[in-house]
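*Asks:* Structure: structure_15.tsv, TSV, C-alpha atoms.
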```tsv
chain	number	residue	atom	x	y	z
A	1	MET	CA	-9.19	-8.21	12.38
A	2	ARG	CA	-6.53	-10.65	11.30
A	3	PRO	CA	-3.82	-10.01	10.20
A	4	LEU	CA	4.78	3.24	2.44
A	5	ARG	CA	4.66	3.91	-1.05
A	6	ALA	CA	2.08	6.69	-1.05
A	7	CYS	CA	3.27	10.03	-2.38
A	8	LEU	CA	3.83	12.73	0.20
A	9	GLY	CA	1.01	15.26	0.03
A	10	ALA	CA	0.49	18.67	1.63
A	11	ALA	CA	0.82	18.34	5.38
A	12	ALA	CA	-2.38	18.72	7.37
A	13	ALA	CA	-2.36	21.47	9.95
A	14	VAL	CA	-4.05	20.44	13.17
A	15	THR	CA	-5.57	22.88	15.66
A	16	LEU	CA	-7.02	22.21	19.06
A	17	ALA	CA	-9.30	24.89	20.43
A	18	ALA	CA	-9.35	23.56	23.96
A	19	ALA	CA	-7.06	20.64	24.72
A	20	GLY	CA	-8.86	17.58	26.05
A	21	THR	CA	-12.36	19.00	25.63
A	22	THR	CA	-12.78	20.12	22.03
A	23	ALA	CA	-12.80	18.01	18.89
A	24	LEU	CA	-9.75	18.21	16.70
A	25	VAL	CA	-10.13	19.80	13.27
A	26	ALA	CA	-7.70	18.88	10.54
A	27	SER	CA	-7.21	21.33	7.70
A	28	ASP	CA	-5.14	21.57	4.55
A	29	ALA	CA	-3.06	24.56	3.49
A	30	SER	CA	-6.16	26.41	2.23
A	31	GLY	CA	-7.88	26.07	5.60
A	32	ALA	CA	-10.65	23.80	4.31
A	33	THR	CA	-11.57	21.07	6.75
A	34	THR	CA	-10.67	17.52	5.78
A	35	ALA	CA	-13.46	16.03	7.90
A	36	LEU	CA	-15.83	13.79	5.94
A	37	SER	CA	-19.41	12.81	6.65
A	38	ASN	CA	-19.85	10.01	9.19
A	39	ARG	CA	-21.04	7.79	6.35
A	40	TRP	CA	-17.53	7.79	4.90
A	41	TYR	CA	-15.94	6.81	8.23
A	42	ALA	CA	-18.58	4.06	8.45
A	43	ALA	CA	-17.53	2.81	5.01
A	44	ALA	CA	-13.75	2.97	5.53
A	45	PRO	CA	-12.04	-0.38	4.75
A	46	TYR	CA	-9.02	-1.48	6.78
A	47	LEU	CA	-5.52	-0.71	5.51
A	48	MET	CA	-2.26	-1.73	7.14
A	49	PRO	CA	0.05	1.19	6.21
A	50	LEU	CA	3.26	-0.46	7.46
A	51	ASP	CA	2.74	-4.19	6.87
A	52	ASN	CA	1.35	-6.70	4.34
A	53	ASN	CA	2.82	-4.96	1.30
A	54	PRO	CA	0.82	-1.71	1.68
A	55	PRO	CA	-0.84	-0.55	-1.55
A	56	ASP	CA	-0.75	3.05	-2.77
A	57	ALA	CA	-3.72	4.80	-1.12
A	58	ALA	CA	-3.78	7.46	-3.84
A	59	ALA	CA	-4.09	4.79	-6.55
A	60	ILE	CA	-6.99	3.17	-4.70
A	61	MET	CA	-8.76	6.53	-4.42
A	62	ASP	CA	-8.34	7.23	-8.13
A	63	ALA	CA	-9.50	3.78	-9.23
A	64	SER	CA	-12.42	3.23	-6.85
A	65	GLY	CA	-13.65	6.63	-5.67
A	66	LEU	CA	-12.83	5.68	-2.06
A	67	LYS	CA	-12.23	8.60	0.31
A	68	ALA	CA	-11.84	7.03	3.76
A	69	PHE	CA	-9.39	4.48	5.16
A	70	GLN	CA	-9.33	2.56	8.46
A	71	LEU	CA	-5.64	2.39	9.42
A	72	ALA	CA	-4.61	-0.63	11.51
A	73	PHE	CA	-3.46	-1.31	14.23
A	74	VAL	CA	-2.44	0.72	17.28
A	75	LEU	CA	-1.13	-1.53	20.08
A	76	ALA	CA	0.87	-1.37	23.28
A	77	PRO	CA	4.65	-1.65	22.88
A	78	ASN	CA	5.81	-5.26	22.51
A	79	GLY	CA	7.98	-4.83	25.58
A	80	GLY	CA	5.11	-3.47	27.67
A	81	GLY	CA	4.04	0.01	28.66
A	82	CYS	CA	1.14	2.40	28.18
A	83	SER	CA	2.16	4.34	25.07
A	84	PRO	CA	0.66	3.87	21.59
A	85	THR	CA	2.59	2.15	18.80
A	86	TRP	CA	1.86	0.88	15.33
A	87	GLY	CA	1.89	-2.90	15.49
A	88	GLY	CA	3.72	-2.96	18.82
A	89	THR	CA	7.00	-1.70	17.32
A	90	ALA	CA	6.72	1.83	15.82
A	91	ALA	CA	6.01	4.56	18.38
A	92	VAL	CA	3.19	6.89	17.37
A	93	SER	CA	5.03	9.81	18.99
A	94	SER	CA	7.93	9.62	16.50
A	95	ASP	CA	6.00	8.32	13.49
A	96	THR	CA	6.49	9.91	10.09
A	97	ALA	CA	5.64	6.98	7.78
A	98	VAL	CA	1.94	6.70	8.66
A	99	GLN	CA	1.69	10.50	8.80
A	100	SER	CA	2.92	10.57	5.20
A	101	VAL	CA	0.15	8.19	4.13
A	102	ILE	CA	-2.44	10.31	5.95
A	103	ASN	CA	-1.13	13.48	4.32
A	104	THR	CA	-1.46	11.88	0.89
A	105	ILE	CA	-5.03	10.80	1.54
A	106	ARG	CA	-6.06	14.20	2.90
A	107	ALA	CA	-4.37	16.06	0.05
A	108	LYS	CA	-6.74	14.18	-2.30
A	109	GLY	CA	-9.83	15.12	-0.27
A	110	GLY	CA	-10.01	11.99	1.86
A	111	ASP	CA	-9.49	11.19	5.52
A	112	VAL	CA	-8.68	8.32	7.89
A	113	SER	CA	-9.90	6.59	11.02
A	114	VAL	CA	-7.47	4.65	13.18
A	115	SER	CA	-8.21	1.16	14.51
A	116	ILE	CA	-6.88	0.05	17.86
A	117	GLY	CA	-6.57	-3.57	18.92
A	118	GLY	CA	-7.13	-6.30	16.35
A	119	TYR	CA	-6.34	-10.00	16.51
A	120	GLY	CA	-3.10	-10.78	18.36
A	121	GLY	CA	-0.55	-8.46	19.91
A	122	THR	CA	-0.77	-6.70	23.27
A	123	LYS	CA	-3.49	-4.09	23.61
A	124	LEU	CA	-3.25	-0.88	25.60
A	125	GLY	CA	-6.29	-1.93	27.62
A	126	GLN	CA	-4.19	-4.82	28.90
A	127	THR	CA	-1.13	-2.77	29.88
A	128	CYS	CA	-2.53	0.59	31.01
A	129	ALA	CA	-3.57	0.84	34.67
A	130	ASP	CA	-7.13	2.06	34.18
A	131	ALA	CA	-9.58	3.61	31.73
A	132	ALA	CA	-8.18	7.12	32.21
A	133	SER	CA	-4.61	6.16	31.35
A	134	THR	CA	-5.84	4.03	28.44
A	135	ALA	CA	-7.78	7.01	27.12
A	136	ALA	CA	-4.75	9.28	27.56
A	137	ALA	CA	-2.70	6.92	25.37
A	138	TYR	CA	-5.35	6.94	22.65
A	139	GLN	CA	-5.71	10.71	22.92
A	140	GLN	CA	-2.09	10.95	21.82
A	141	VAL	CA	-3.11	9.21	18.57
A	142	ILE	CA	-6.13	11.47	18.06
A	143	THR	CA	-4.07	14.59	18.71
A	144	LYS	CA	-1.10	13.60	16.55
A	145	TYR	CA	-3.18	12.76	13.48
A	146	GLY	CA	-6.10	15.15	14.00
A	147	LEU	CA	-8.57	12.28	13.93
A	148	HIS	CA	-12.31	12.60	13.42
A	149	ALA	CA	-12.92	8.84	13.84
A	150	ILE	CA	-11.56	5.90	15.79
A	151	ASP	CA	-12.31	2.16	15.89
A	152	PHE	CA	-12.01	-0.15	18.90
A	153	ASP	CA	-11.36	-3.64	17.52
A	154	LEU	CA	-12.01	-5.78	20.61
A	155	GLU	CA	-11.39	-9.48	20.04
A	156	GLU	CA	-9.08	-12.33	21.05
A	157	PRO	CA	-7.30	-12.50	23.34
A	158	GLU	CA	-8.17	-9.11	24.84
A	159	TYR	CA	-11.92	-9.48	25.01
A	160	GLU	CA	-11.48	-12.52	27.25
A	161	ASN	CA	-9.86	-10.20	29.82
A	162	THR	CA	-12.56	-8.49	31.89
A	163	ALA	CA	-10.25	-5.77	33.23
A	164	ALA	CA	-8.89	-4.97	29.77
A	165	ILE	CA	-12.36	-4.62	28.27
A	166	LYS	CA	-13.41	-2.39	31.16
A	167	ASN	CA	-10.40	-0.18	30.37
A	168	GLU	CA	-11.15	-0.10	26.63
A	169	ILE	CA	-14.85	0.68	26.98
A	170	GLY	CA	-14.08	3.27	29.66
A	171	ALA	CA	-11.45	4.84	27.42
A	172	ALA	CA	-13.87	4.93	24.47
A	173	LYS	CA	-16.41	6.77	26.63
A	174	ILE	CA	-13.81	9.31	27.79
A	175	LEU	CA	-12.61	9.96	24.22
A	176	GLN	CA	-16.19	10.38	23.04
A	177	GLN	CA	-16.81	12.96	25.77
A	178	ASN	CA	-13.53	14.84	25.30
A	179	ASN	CA	-13.65	14.96	21.49
A	180	PRO	CA	-17.16	16.12	20.51
A	181	GLY	CA	-18.19	14.79	17.11
A	182	LEU	CA	-15.65	11.94	17.18
A	183	TYR	CA	-17.03	8.95	15.25
A	184	VAL	CA	-16.52	5.82	17.39
A	185	SER	CA	-17.02	2.25	16.18
A	186	VAL	CA	-16.58	-0.92	18.25
A	187	THR	CA	-15.76	-4.09	16.30
A	188	THR	CA	-15.89	-7.61	17.71
A	189	ALA	CA	-16.09	-11.26	16.66
A	190	GLY	CA	-19.15	-12.62	14.86
A	191	THR	CA	-20.84	-16.00	15.27
A	192	ALA	CA	-23.86	-17.62	13.67
A	193	ASP	CA	-25.86	-16.41	16.69
A	194	GLY	CA	-24.57	-12.85	16.23
A	195	THR	CA	-21.67	-12.76	18.64
A	196	GLY	CA	-20.31	-15.10	21.28
A	197	TRP	CA	-20.22	-15.02	25.07
A	198	PHE	CA	-17.29	-12.61	25.28
A	199	GLY	CA	-18.88	-10.29	22.74
A	200	LYS	CA	-22.05	-10.23	24.79
A	201	GLN	CA	-20.07	-9.49	27.95
A	202	MET	CA	-18.44	-6.56	26.15
A	203	LEU	CA	-21.90	-5.19	25.26
A	204	LEU	CA	-22.98	-5.55	28.90
A	205	GLU	CA	-19.87	-3.64	29.99
A	206	ALA	CA	-20.79	-0.83	27.59
A	207	LYS	CA	-24.32	-0.79	29.00
A	208	SER	CA	-23.07	-0.70	32.59
A	209	GLN	CA	-20.83	2.28	31.80
A	210	GLY	CA	-23.57	4.11	29.90
A	211	PHE	CA	-21.48	4.10	26.71
A	212	THR	CA	-23.10	4.12	23.26
A	213	PRO	CA	-20.77	4.32	20.23
A	214	ASN	CA	-21.90	5.14	16.71
A	215	ASN	CA	-22.07	1.39	16.13
A	216	PHE	CA	-21.19	-2.06	17.33
A	217	SER	CA	-19.90	-4.10	14.36
A	218	ILE	CA	-19.48	-7.85	14.10
A	219	MET	CA	-17.09	-9.80	11.87
A	220	PRO	CA	-19.05	-12.74	10.44
A	221	PHE	CA	-16.12	-14.79	9.14
A	222	ASP	CA	-13.68	-17.36	10.55
A	223	GLY	CA	-16.59	-19.06	12.28
A	224	GLY	CA	-18.00	-21.63	9.89
A	225	PHE	CA	-19.71	-19.10	7.63
A	226	SER	CA	-20.60	-19.95	4.05
A	227	GLY	CA	-21.40	-17.02	1.81
A	228	ALA	CA	-23.64	-14.00	2.27
A	229	ALA	CA	-26.75	-15.80	3.54
A	230	SER	CA	-24.94	-16.99	6.66
A	231	GLN	CA	-23.61	-13.47	7.23
A	232	THR	CA	-26.96	-11.70	6.91
A	233	SER	CA	-28.46	-14.31	9.25
A	234	ALA	CA	-25.76	-13.45	11.82
A	235	LEU	CA	-26.49	-9.75	11.40
A	236	THR	CA	-30.19	-10.39	12.04
A	237	ASN	CA	-29.33	-12.35	15.18
A	238	PHE	CA	-26.92	-9.66	16.35
A	239	ASN	CA	-29.66	-7.07	15.93
A	240	ALA	CA	-31.79	-9.07	18.38
A	241	ILE	CA	-28.88	-9.10	20.86
A	242	LEU	CA	-28.55	-5.31	20.62
A	243	GLN	CA	-32.29	-4.95	21.20
A	244	SER	CA	-32.31	-7.16	24.28
A	245	THR	CA	-29.11	-5.70	25.75
A	246	PHE	CA	-29.88	-2.00	25.37
A	247	GLY	CA	-33.68	-2.01	25.22
A	248	TRP	CA	-33.68	-0.63	21.68
A	249	ASP	CA	-36.36	-1.26	19.10
A	250	GLN	CA	-35.32	-3.00	15.88
A	251	ALA	CA	-34.75	0.19	13.88
A	252	THR	CA	-32.63	1.78	16.61
A	253	ALA	CA	-30.57	-1.40	16.90
A	254	TYR	CA	-29.91	-1.44	13.15
A	255	ALA	CA	-28.93	2.24	13.31
A	256	HIS	CA	-26.20	1.20	15.80
A	257	GLU	CA	-25.14	-2.00	13.99
A	258	GLY	CA	-22.25	-2.59	11.62
A	259	PHE	CA	-20.77	-5.28	9.36
A	260	SER	CA	-17.05	-5.96	8.99
A	261	GLY	CA	-16.31	-8.67	6.43
A	262	MET	CA	-13.25	-10.35	4.97
A	263	ASN	CA	-12.83	-10.17	1.22
A	264	GLY	CA	-11.90	-13.35	-0.64
A	265	ARG	CA	-10.54	-16.31	1.30
A	266	SER	CA	-10.76	-16.08	5.10
A	267	ASP	CA	-8.26	-17.45	7.60
A	268	THR	CA	-10.31	-20.66	7.94
A	269	GLY	CA	-10.82	-21.20	4.20
A	270	GLU	CA	-14.26	-19.61	3.78
A	271	HIS	CA	-14.69	-17.68	0.53
A	272	PHE	CA	-16.52	-14.38	0.12
A	273	THR	CA	-16.86	-13.11	-3.44
A	274	GLN	CA	-17.96	-9.82	-4.95
A	275	ALA	CA	-21.50	-11.24	-5.21
A	276	ASP	CA	-21.48	-11.99	-1.46
A	277	PHE	CA	-20.42	-8.43	-0.73
A	278	GLN	CA	-23.23	-7.07	-2.90
A	279	THR	CA	-25.80	-9.19	-1.04
A	280	VAL	CA	-24.59	-8.04	2.37
A	281	LEU	CA	-24.41	-4.44	1.13
A	282	ASP	CA	-28.06	-4.66	0.00
A	283	TYR	CA	-28.99	-6.01	3.44
A	284	ALA	CA	-27.06	-3.26	5.24
A	285	THR	CA	-28.55	-0.43	3.22
A	286	SER	CA	-32.12	-1.79	3.26
A	287	HIS	CA	-31.98	-2.09	7.07
A	288	ASN	CA	-30.33	1.34	7.50
A	289	MET	CA	-27.29	-0.14	9.21
A	290	ASP	CA	-24.60	2.28	10.34
A	291	ARG	CA	-21.42	0.60	9.03
A	292	PHE	CA	-20.10	-1.56	6.19
A	293	THR	CA	-16.37	-2.27	6.08
A	294	PHE	CA	-13.92	-5.11	5.38
A	295	TRP	CA	-10.49	-6.59	6.03
A	296	SER	CA	-8.58	-5.50	4.05
A	297	LEU	CA	-7.42	-3.20	1.25
A	298	ASN	CA	-4.00	-4.88	1.40
A	299	ARG	CA	-5.85	-8.01	0.18
A	300	ASP	CA	-8.03	-6.26	-2.43
A	301	ARG	CA	-6.07	-7.54	-5.44
A	302	GLN	CA	-5.75	-10.85	-7.21
A	303	CYS	CA	-3.20	-13.48	-6.21
A	304	THR	CA	-0.92	-15.26	-8.67
A	305	PRO	CA	-2.07	-18.01	-8.99
A	306	VAL	CA	-5.60	-16.83	-8.27
A	307	ASP	CA	-6.22	-19.29	-5.42
A	308	ASN	CA	-2.77	-18.65	-3.89
A	309	ASN	CA	-2.17	-22.41	-3.78
A	310	GLY	CA	-5.09	-22.86	-1.40
A	311	THR	CA	-3.77	-20.56	1.34
A	312	THR	CA	-4.90	-17.26	2.83
A	313	SER	CA	-2.70	-14.25	2.14
A	314	GLY	CA	-2.40	-10.85	3.78
A	315	THR	CA	-1.56	-9.27	0.43
A	316	CYS	CA	-4.17	-10.69	-2.01
A	317	SER	CA	-7.67	-12.18	-1.93
A	318	SER	CA	-7.42	-15.69	-3.44
A	319	VAL	CA	-10.50	-15.01	-5.62
A	320	ALA	CA	-10.69	-13.77	-9.22
A	321	GLN	CA	-10.92	-9.98	-9.24
A	322	SER	CA	-9.69	-6.71	-10.59
A	323	ALA	CA	-7.71	-4.58	-8.19
A	324	TRP	CA	-9.89	-2.71	-5.68
A	325	ASP	CA	-13.12	-4.50	-6.61
A	326	PHE	CA	-14.12	-4.82	-2.96
A	327	ALA	CA	-13.33	-1.18	-2.16
A	328	LYS	CA	-16.10	-0.19	-4.55
A	329	TYR	CA	-18.72	-1.75	-2.26
A	330	SER	CA	-17.57	0.59	0.50
A	331	VAL	CA	-17.90	3.48	-1.92
A	332	LYS	CA	-21.47	2.41	-2.69
A	333	PHE	CA	-22.29	2.23	1.01
A	334	ALA	CA	-21.04	5.81	1.39
A	335	GLY	CA	-23.61	6.78	-1.25
A	336	VAL	CA	-21.23	7.41	-4.12
A	337	THR	CA	-21.14	5.76	-7.54
A	338	PRO	CA	-17.71	4.21	-8.24
A	339	PRO	CA	-15.95	5.14	-11.50
A	340	THR	CA	-17.67	3.54	-14.49
A	341	THR	CA	-14.45	2.87	-16.36
A	342	THR	CA	-12.48	0.02	-14.86
A	343	PRO	CA	-8.72	0.67	-14.93
A	344	THR	CA	-6.31	-2.04	-15.92
A	345	PRO	CA	-6.08	-4.42	-12.95
A	346	THR	CA	-3.04	-3.76	-10.83
A	347	PRO	CA	-0.81	-6.84	-10.97
A	348	THR	CA	0.55	-8.40	-7.84
A	349	PRO	CA	3.57	-6.24	-6.92
A	350	THR	CA	7.02	-7.36	-7.97
A	351	PRO	CA	8.40	-9.59	-5.22
A	352	THR	CA	10.75	-7.91	-2.79
A	353	SER	CA	14.12	-9.28	-1.73
A	354	CYS	CA	14.08	-12.29	0.57
A	355	LYS	CA	15.00	-12.02	4.23
A	356	THR	CA	17.43	-14.40	5.92
A	357	ALA	CA	16.22	-17.99	5.52
A	358	TRP	CA	14.19	-19.50	8.33
A	359	SER	CA	16.04	-21.94	10.59
A	360	SER	CA	14.40	-24.72	12.60
A	361	THR	CA	16.92	-24.26	15.42
A	362	ALA	CA	16.78	-20.47	15.76
A	363	VAL	CA	14.61	-18.68	18.32
A	364	TYR	CA	12.46	-15.86	16.92
A	365	THR	CA	10.57	-13.14	18.77
A	366	ALA	CA	7.75	-10.82	17.67
A	367	GLY	CA	8.80	-8.70	14.71
A	368	ASN	CA	11.64	-10.94	13.48
A	369	GLU	CA	11.53	-11.52	9.73
A	370	VAL	CA	12.63	-14.57	7.73
A	371	SER	CA	12.13	-16.07	4.30
A	372	TYR	CA	10.72	-19.52	3.60
A	373	ASN	CA	9.34	-21.15	0.45
A	374	SER	CA	9.87	-17.94	-1.59
A	375	HIS	CA	7.85	-15.79	0.83
A	376	ASN	CA	8.89	-13.38	3.58
A	377	TRP	CA	7.37	-13.98	7.01
A	378	LYS	CA	7.17	-11.92	10.23
A	379	ALA	CA	6.96	-13.52	13.68
A	380	LYS	CA	3.88	-12.60	15.71
A	381	TRP	CA	5.32	-13.92	18.96
A	382	TRP	CA	8.13	-16.12	20.35
A	383	THR	CA	8.62	-19.23	18.25
A	384	GLN	CA	11.09	-22.00	17.54
A	385	ASN	CA	10.88	-24.88	15.05
A	386	GLU	CA	7.41	-23.87	13.78
A	387	VAL	CA	7.45	-23.85	9.97
A	388	PRO	CA	6.15	-20.61	8.42
A	389	GLY	CA	2.81	-21.21	6.75
A	390	ALA	CA	2.29	-24.65	8.27
A	391	SER	CA	-0.71	-23.41	10.24
A	392	GLU	CA	-3.13	-20.60	9.43
A	393	TRP	CA	-3.23	-19.80	13.16
A	394	GLY	CA	0.51	-20.17	13.66
A	395	PRO	CA	3.16	-17.67	14.76
A	396	TRP	CA	4.08	-16.43	11.28
A	397	GLN	CA	2.47	-13.63	9.23
A	398	ASP	CA	2.89	-13.93	5.47
A	399	GLU	CA	4.37	-10.72	4.05
A	400	GLY	CA	4.18	-11.79	0.42
A	401	ALA	CA	6.37	-13.32	-2.25
A	402	CYS	CA	10.09	-12.58	-2.41
```
Go ahead and render the structure in this file as structure tokens.

*Replies:*
Amino acid sequence: MRPLRACLGAAAAVTLAAAGTTALVASDASGATTALSNRWYAAAPYLMPLDNNPPDAAAIMDASGLKAFQLAFVLAPNGGGCSPTWGGTAAVSSDTAVQSVINTIRAKGGDVSVSIGGYGGTKLGQTCADAASTAAAYQQVITKYGLHAIDFDLEEPEYENTAAIKNEIGAAKILQQNNPGLYVSVTTAGTADGTGWFGKQMLLEAKSQGFTPNNFSIMPFDGGFSGAASQTSALTNFNAILQSTFGWDQATAYAHEGFSGMNGRSDTGEHFTQADFQTVLDYATSHNMDRFTFWSLNRDRQCTPVDNNGTTSGTCSSVAQSAWDFAKYSVKFAGVTPPTTTPTPTPTPTPTSCKTAWSSTAVYTAGNEVSYNSHNWKAKWWTQNEVPGASEWGPWQDEGAC
């Protein structure tokens, strides 16, 4: 996947019956479990709780009926090491901000999955020595937040690293064994043929290790796609790849297949509207697919102007919509009818204050923030004299208007 105003709710109490071998159970103050059905974890859209102008999770739940969120992304520390962080900068061990968001969601009867990896940044599979140490790092995340679900987002540049993918798949298998009932999804790049060479190698690694997650999901966007028909065609082709790789029949392959879309304008200028989402949703449900999700809730609101001046934003969709329109397709996939009364669309949030102006002569490293052209930007990696927003694949992440 490409690139904390929630109210503090009742803290979830987490118990572990047998450390390392028994699934974690999260409970609220009344003792009722906060675990949801697997269908909800399969429907959870991605939310960045610390970046891209995070929306209020409670407001999304009230407006759309959504109960599950896919929090992104857990990475290795930017300076190296084998300990989990949010975005490479915020240590999971000392986190309170994401915990607050999780508490809010659980207090309203919802729950979260956590996604590890994503596009860019350094992954734990790259920095940890082996599968066991990679799994131990991820177990810290599961234990801290009392997780019932986790997502391995394996894509560039990590999935081009054979050793890293071996560590990630091995870690996923260990976590699955040590946390009975843990819902595990594996997400990777999509192509017109289903997935590319590296995606196929990842599937072969899973086969060689005897690992079967709840699903393998592809992301059919940023690859020359045009609307829902091209996406459903890719899903059909990916189903054939799953059949040939694992020896499954068609129905079994669909039962282990997932879709992860991008709402609105993609990084490469493709556009996916509400009608496209409905078409893919119909395909997913009619074929009994296991997962339907999208990137991201941070973008599930209308830009001003609507087309965002022809650019892709991390904080709005660049298509005409009411706030949380796309979240309602996830709710439908979970088997729930979204609220029939549409609330007043949430306007684009009031711009925040601008950071220090970008300088063509300054050197910036990952995490540095600047302002340019009335937007704040965050550096993804080392950069100098690269104008923010000049390239969709450049070193700067748009953090919204200021």

*Asks:* Using only C-alpha atoms, which of the listed residues (A:Ile241, A:Ala401, A:Ala357, A:Ala228) sits closest to His375 (chain A)?

*Replies:*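 Smallest separation from His375 (chain A) among the options: A:Ala401.
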
*Asks:* Work out how far apart CA of Ser113 (chain A) and CA of Gly170 (chain A) are and give it in Å to one decimal.

*Replies:*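 Here the two named atoms are 19.4 Å from each other.
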
*Asks:* For Ala57 (chain A), list every protein, DNA or RNA residue within 12 Å, evaluated using only C-alpha atoms, and leave out those in the same chain fewer than 5 positions away; present the list as a count of residues only.

*Replies:* 39

*Asks:* Let me make sure I understand: among A:Met61, A:Met262, A:Leu203, A:Leu182, which one has the smallest atom-to-atom distance to Gly223 (chain A) if we use only C-alpha atoms?

*Replies:*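 Looking at the shortest contact to Gly223 (chain A), the residue is A:Met262.
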
*Asks:* For Ser244 (chain A), which residue among A:Asp95, A:Ala390, A:Gly146, A:Lys207 is the nearest when counting only C-alpha atoms?

*Replies:*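 Comparing A:Asp95, A:Ala390, A:Gly146, A:Lys207 against Ser244 (chain A), the winner is A:Lys207.
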
*Asks:* Could you tell me, as number ranges by chain, which residues have any atom at most 12 Å from (-7.1, 3.6, 36.1), counting only C-alpha atoms?

*Replies:* A: 82, 125-136, 163-164, 166-168, 170-171

*Asks:* Would you write out those residues with C-alpha atoms, as a PDB file, in the coordinates of the input?

*Replies:*
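result35.pdb, freshly written:
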```pdb
ATOM      1  CA  CYS A  82       1.140   2.400  28.180  1.00  0.00           C
ATOM      2  CA  GLY A 125      -6.290  -1.930  27.620  1.00  0.00           C
ATOM      3  CA  GLN A 126      -4.190  -4.820  28.900  1.00  0.00           C
ATOM      4  CA  THR A 127      -1.130  -2.770  29.880  1.00  0.00           C
ATOM      5  CA  CYS A 128      -2.530   0.590  31.010  1.00  0.00           C
ATOM      6  CA  ALA A 129      -3.570   0.840  34.670  1.00  0.00           C
ATOM      7  CA  ASP A 130      -7.130   2.060  34.180  1.00  0.00           C
ATOM      8  CA  ALA A 131      -9.580   3.610  31.730  1.00  0.00           C
ATOM      9  CA  ALA A 132      -8.180   7.120  32.210  1.00  0.00           C
ATOM     10  CA  SER A 133      -4.610   6.160  31.350  1.00  0.00           C
ATOM     11  CA  THR A 134      -5.840   4.030  28.440  1.00  0.00           C
ATOM     12  CA  ALA A 135      -7.780   7.010  27.120  1.00  0.00           C
ATOM     13  CA  ALA A 136      -4.750   9.280  27.560  1.00  0.00           C
ATOM     14  CA  ALA A 163     -10.250  -5.770  33.230  1.00  0.00           C
ATOM     15  CA  ALA A 164      -8.890  -4.970  29.770  1.00  0.00           C
ATOM     16  CA  LYS A 166     -13.410  -2.390  31.160  1.00  0.00           C
ATOM     17  CA  ASN A 167     -10.400  -0.180  30.370  1.00  0.00           C
ATOM     18  CA  GLU A 168     -11.150  -0.100  26.630  1.00  0.00           C
ATOM     19  CA  GLY A 170     -14.080   3.270  29.660  1.00  0.00           C
ATOM     20  CA  ALA A 171     -11.450   4.840  27.420  1.00  0.00           C
TER      21      ALA A 171
END
```

*Asks:* State, in Å with one decimal place, the distance from CA of Ser318 (chain A) to CA of Gly400 (chain A).

*Replies:* 12.8 Å

*Asks:* Enumerate, in order of chain and increasing residue number, the residues of region 300-378 of chain A with an atom no farther than 10 Å from region 275-278 of chain A, each with its shortest atom pair and distance in Å to one decimal, counting only C-alpha atoms, as a tab-separated table.

*Replies:*
```
residue	atom	partner	partner_atom	distance
A:Phe326	CA	A:Phe277	CA	7.6
A:Tyr329	CA	A:Gln278	CA	7.0
A:Ser330	CA	A:Phe277	CA	9.5
A:Lys332	CA	A:Gln278	CA	9.6
```

*Asks:* Would you pick out the contacts of Trp358 (chain A) at 7 Å or less, using all atoms listed in the file, so that residues sharing its chain but fewer than 2 positions from it are not included, and give the list as a list in words?

*Replies:*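 Contacts, in chain order: Thr356, Ser360, Val370, Ser371 and Tyr372 of chain A.
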
*Asks:* Give me, please, the distance in Å between CA of Glu257 (chain A) and CA of Pro220 (chain A), quoted to one decimal.

*Replies:* 12.8 Å
